[in-house]
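Visitor: Pasting a structure here, questions to come.
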Amino acid sequence: QVRLVESRGGLVQAGGSLRLSCEVSGRTFGTCAMAWFRQAPGKEREIVAAISRSGGNTYYTDSVKGRFTISRDNAKNTVYLQMNNLKPEDTAVYYCAADARNRSGTRLIMSTRLDEYAYWGRGTQVTVSS
């Protein structure tokens, strides 16, 4: 059984920093593309950042470029999201996603598509106060 366990989020002031982590068990972590998504109240879930299986390629949505960093430690089966200079608009539930596959079931090196990820964490709340 695949499990994704996210670290606790929290309440931070604007301009502050927070690091999220997500540990994966039950799956060969190094073969899985990983990503962080978020969902704000009343909005659809959106991609925040993605990282390839090796960690050599990353993607960031425009609104977080230069502020967030996604990384992974394959020895610890963990992916991280370092969030700096947080803004109130970053307030959302953040979800870790693992193991991107296409419609044929082929494992992808990296993906930004919500519907291509097979496994999800429960989500962790991040609230940024102004």
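Numbering starts fresh at 1 for the residues of each chain in the structure tokens, the chains themselves are lettered A, B, ... in the order given, and ligands are numbered from 1 as they appear.
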Skip Arg107 (chain A) itself and residues of its chain fewer than 3 positions away, then list as an NGL selection string all residues within 12 Å of it, counting only C-alpha atoms.

Guide: :A and (30-34 or 52-53 or 98-104 or 110-111 or 116-118)

Visitor: Using DSSP on the backbone coordinates, identify the residues of chain A assigned to helix (DSSP H, G or I); present them as a list in words.

Guide: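 Put together, the selection reads Phe29, Gly30, Thr31, Asp62, Ser63, Val64, Pro88, Glu89, Asp90, Leu114, Asp115 and Glu116 of chain A.
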
Visitor: Output all heavy atoms of each residue in that selection to a file, as a PDB file, in the first residue's frame.

Guide:
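Everything below was put into again.pdb:
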```
ATOM      1  N   PHE A  29      10.649   4.891  -4.522  1.00  0.00           N
ATOM      2  CA  PHE A  29      10.555   6.338  -4.608  1.00  0.00           C
ATOM      3  C   PHE A  29      11.322   6.896  -5.798  1.00  0.00           C
ATOM      4  O   PHE A  29      10.847   7.795  -6.484  1.00  0.00           O
ATOM      5  CB  PHE A  29      11.066   6.955  -3.301  1.00  0.00           C
ATOM      6  CG  PHE A  29      10.958   8.446  -3.240  1.00  0.00           C
ATOM      7  CD1 PHE A  29       9.730   9.063  -3.068  1.00  0.00           C
ATOM      8  CD2 PHE A  29      12.097   9.246  -3.333  1.00  0.00           C
ATOM      9  CE1 PHE A  29       9.624  10.445  -3.007  1.00  0.00           C
ATOM     10  CE2 PHE A  29      12.010  10.616  -3.270  1.00  0.00           C
ATOM     11  CZ  PHE A  29      10.765  11.227  -3.099  1.00  0.00           C
ATOM     12  N   GLY A  30      12.481   6.345  -6.056  1.00  0.00           N
ATOM     13  CA  GLY A  30      13.325   6.882  -7.115  1.00  0.00           C
ATOM     14  C   GLY A  30      12.740   6.732  -8.500  1.00  0.00           C
ATOM     15  O   GLY A  30      13.215   7.389  -9.437  1.00  0.00           O
ATOM     16  N   THR A  31      11.712   5.922  -8.658  1.00  0.00           N
ATOM     17  CA  THR A  31      11.082   5.748  -9.966  1.00  0.00           C
ATOM     18  C   THR A  31       9.869   6.655 -10.145  1.00  0.00           C
ATOM     19  O   THR A  31       9.223   6.627 -11.190  1.00  0.00           O
ATOM     20  CB  THR A  31      10.630   4.292 -10.161  1.00  0.00           C
ATOM     21  OG1 THR A  31       9.603   3.985  -9.210  1.00  0.00           O
ATOM     22  CG2 THR A  31      11.789   3.331  -9.992  1.00  0.00           C
ATOM     23  N   ASP A  62       4.157  30.059 -12.292  1.00  0.00           N
ATOM     24  CA  ASP A  62       4.726  31.404 -12.350  1.00  0.00           C
ATOM     25  C   ASP A  62       4.661  32.153 -11.018  1.00  0.00           C
ATOM     26  O   ASP A  62       5.582  32.877 -10.641  1.00  0.00           O
ATOM     27  CB  ASP A  62       4.020  32.223 -13.431  1.00  0.00           C
ATOM     28  CG  ASP A  62       4.436  31.821 -14.835  1.00  0.00           C
ATOM     29  OD1 ASP A  62       5.449  31.102 -14.966  1.00  0.00           O
ATOM     30  OD2 ASP A  62       3.755  32.215 -15.793  1.00  0.00           O
ATOM     31  N   SER A  63       3.574  31.967 -10.291  1.00  0.00           N
ATOM     32  CA  SER A  63       3.368  32.762  -9.080  1.00  0.00           C
ATOM     33  C   SER A  63       4.335  32.426  -7.951  1.00  0.00           C
ATOM     34  O   SER A  63       4.450  33.187  -6.986  1.00  0.00           O
ATOM     35  CB  SER A  63       1.923  32.601  -8.587  1.00  0.00           C
ATOM     36  OG  SER A  63       1.657  31.258  -8.257  1.00  0.00           O
ATOM     37  N   VAL A  64       5.043  31.290  -8.055  1.00  0.00           N
ATOM     38  CA  VAL A  64       5.965  30.909  -6.977  1.00  0.00           C
ATOM     39  C   VAL A  64       7.418  30.906  -7.415  1.00  0.00           C
ATOM     40  O   VAL A  64       8.307  30.659  -6.591  1.00  0.00           O
ATOM     41  CB  VAL A  64       5.597  29.531  -6.379  1.00  0.00           C
ATOM     42  CG1 VAL A  64       4.127  29.487  -5.969  1.00  0.00           C
ATOM     43  CG2 VAL A  64       5.948  28.390  -7.320  1.00  0.00           C
ATOM     44  N   PRO A  88      -0.007  36.232   1.356  1.00  0.00           N
ATOM     45  CA  PRO A  88      -1.354  35.769   1.734  1.00  0.00           C
ATOM     46  C   PRO A  88      -2.016  34.923   0.650  1.00  0.00           C
ATOM     47  O   PRO A  88      -2.772  33.995   0.976  1.00  0.00           O
ATOM     48  CB  PRO A  88      -2.108  37.084   1.969  1.00  0.00           C
ATOM     49  CG  PRO A  88      -1.046  38.034   2.417  1.00  0.00           C
ATOM     50  CD  PRO A  88       0.173  37.667   1.608  1.00  0.00           C
ATOM     51  N   GLU A  89      -1.722  35.201  -0.602  1.00  0.00           N
ATOM     52  CA  GLU A  89      -2.323  34.415  -1.685  1.00  0.00           C
ATOM     53  C   GLU A  89      -1.761  33.002  -1.788  1.00  0.00           C
ATOM     54  O   GLU A  89      -2.251  32.196  -2.586  1.00  0.00           O
ATOM     55  CB  GLU A  89      -2.181  35.142  -3.033  1.00  0.00           C
ATOM     56  CG  GLU A  89      -0.779  35.606  -3.352  1.00  0.00           C
ATOM     57  CD  GLU A  89      -0.542  37.065  -2.983  1.00  0.00           C
ATOM     58  OE1 GLU A  89      -0.991  37.490  -1.883  1.00  0.00           O
ATOM     59  OE2 GLU A  89       0.103  37.767  -3.781  1.00  0.00           O
ATOM     60  N   ASP A  90      -0.739  32.690  -1.007  1.00  0.00           N
ATOM     61  CA  ASP A  90      -0.234  31.320  -0.941  1.00  0.00           C
ATOM     62  C   ASP A  90      -1.049  30.463   0.027  1.00  0.00           C
ATOM     63  O   ASP A  90      -0.829  29.248   0.124  1.00  0.00           O
ATOM     64  CB  ASP A  90       1.234  31.307  -0.487  1.00  0.00           C
ATOM     65  CG  ASP A  90       2.157  31.968  -1.490  1.00  0.00           C
ATOM     66  OD1 ASP A  90       1.972  31.739  -2.706  1.00  0.00           O
ATOM     67  OD2 ASP A  90       3.063  32.710  -1.060  1.00  0.00           O
ATOM     68  N   LEU A 114      -2.632  17.244 -12.852  1.00  0.00           N
ATOM     69  CA  LEU A 114      -3.255  16.676 -11.662  1.00  0.00           C
ATOM     70  C   LEU A 114      -3.768  15.270 -11.927  1.00  0.00           C
ATOM     71  O   LEU A 114      -3.615  14.374 -11.087  1.00  0.00           O
ATOM     72  CB  LEU A 114      -4.399  17.602 -11.230  1.00  0.00           C
ATOM     73  CG  LEU A 114      -5.205  17.282  -9.990  1.00  0.00           C
ATOM     74  CD1 LEU A 114      -5.716  18.604  -9.391  1.00  0.00           C
ATOM     75  CD2 LEU A 114      -6.369  16.390 -10.303  1.00  0.00           C
ATOM     76  N   ASP A 115      -4.358  15.061 -13.127  1.00  0.00           N
ATOM     77  CA  ASP A 115      -4.989  13.773 -13.417  1.00  0.00           C
ATOM     78  C   ASP A 115      -4.003  12.671 -13.756  1.00  0.00           C
ATOM     79  O   ASP A 115      -4.401  11.527 -13.978  1.00  0.00           O
ATOM     80  CB  ASP A 115      -6.020  13.927 -14.532  1.00  0.00           C
ATOM     81  CG  ASP A 115      -5.426  14.402 -15.843  1.00  0.00           C
ATOM     82  OD1 ASP A 115      -4.225  14.745 -15.864  1.00  0.00           O
ATOM     83  OD2 ASP A 115      -6.160  14.455 -16.836  1.00  0.00           O
ATOM     84  N   GLU A 116      -2.720  12.990 -13.789  1.00  0.00           N
ATOM     85  CA  GLU A 116      -1.731  11.955 -14.104  1.00  0.00           C
ATOM     86  C   GLU A 116      -1.060  11.368 -12.870  1.00  0.00           C
ATOM     87  O   GLU A 116      -0.299  10.419 -12.977  1.00  0.00           O
ATOM     88  CB  GLU A 116      -0.676  12.518 -15.076  1.00  0.00           C
ATOM     89  CG  GLU A 116      -1.230  12.737 -16.480  1.00  0.00           C
ATOM     90  CD  GLU A 116      -0.204  13.239 -17.473  1.00  0.00           C
ATOM     91  OE1 GLU A 116       0.792  13.864 -17.031  1.00  0.00           O
ATOM     92  OE2 GLU A 116      -0.409  13.036 -18.687  1.00  0.00           O
TER      93      GLU A 116
END
```

Visitor: Which residue out of A:Ser7, A:Phe37, A:Ser17, A:Cys22 has the minimum interatomic distance to Lys76 (chain A) when only C-alpha atoms are used?

Guide: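 Nearest candidate to Lys76 (chain A) out of A:Ser7, A:Phe37, A:Ser17, A:Cys22: A:Cys22.
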
Visitor: Looking only at the backbone, which of the residues in chain A does DSSP tag as strand (DSSP E or B), as number ranges by chain?

Guide: A: 3-6, 10-13, 18-25, 34-39, 46-51, 58-60, 68-73, 78-83, 92-101, 107, 117-120, 124-129

Visitor: Need to verify the contact set: region 42-50 of chain A, 7 Å, only C-alpha atoms, exclusion of same-chain residues closer than 3 positions in sequence. Can you return it as a VMD selection string?

Guide: chain A and resid 34 to 39 58 to 61 70 110 to 112

Visitor: Between CA of Val24 (chain A) and CA of Leu81 (chain A), what is the distance in Å, rounded to a tenth?

Guide: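 Taking CA of Val24 (chain A) and CA of Leu81 (chain A), their separation equals 14.4 Å.
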
Visitor: From the list A:Val5, A:Ala97, A:Leu11, A:Leu18, which residue is nearest Phe68 (chain A) when using only C-alpha atoms?

Guide: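 Once distances to Phe68 (chain A) are computed over only C-alpha atoms, the minimum belongs to A:Leu18.
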
Visitor: With distances taken over only C-alpha atoms, which of A:Thr78, A:Tyr94, A:Gly105, A:Arg113 is nearest to Arg8 (chain A)?

Guide: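 Comparing A:Thr78, A:Tyr94, A:Gly105, A:Arg113 against Arg8 (chain A), the winner is A:Tyr94.
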
Visitor: Between CA of Ser25 (chain A) and CA of Ala92 (chain A), what distance in Å does the model show, to one decimal?

Guide: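 The value is 24.8 Å.
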
Visitor: Please measure the separation of CA of Val126 (chain A) and CA of Val2 (chain A), giving the value in Å to one decimal.

Guide: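 A separation of 24.1 Å between them.
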
Visitor: Which of these, A:Ala40, A:Ser21, A:Gly16, A:Ser71, has the shortest distance to Gly121 (chain A) once you count only C-alpha atoms?

Guide: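 Nearest to Gly121 (chain A): A:Ser21.
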
Visitor: Counting only C-alpha atoms, which residue out of A:Ile51, A:Leu20, A:Ala14, A:Met83 sits closest to Gly66 (chain A)?

Guide: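 Answer, going by the shortest atom-to-atom distance: A:Met83.
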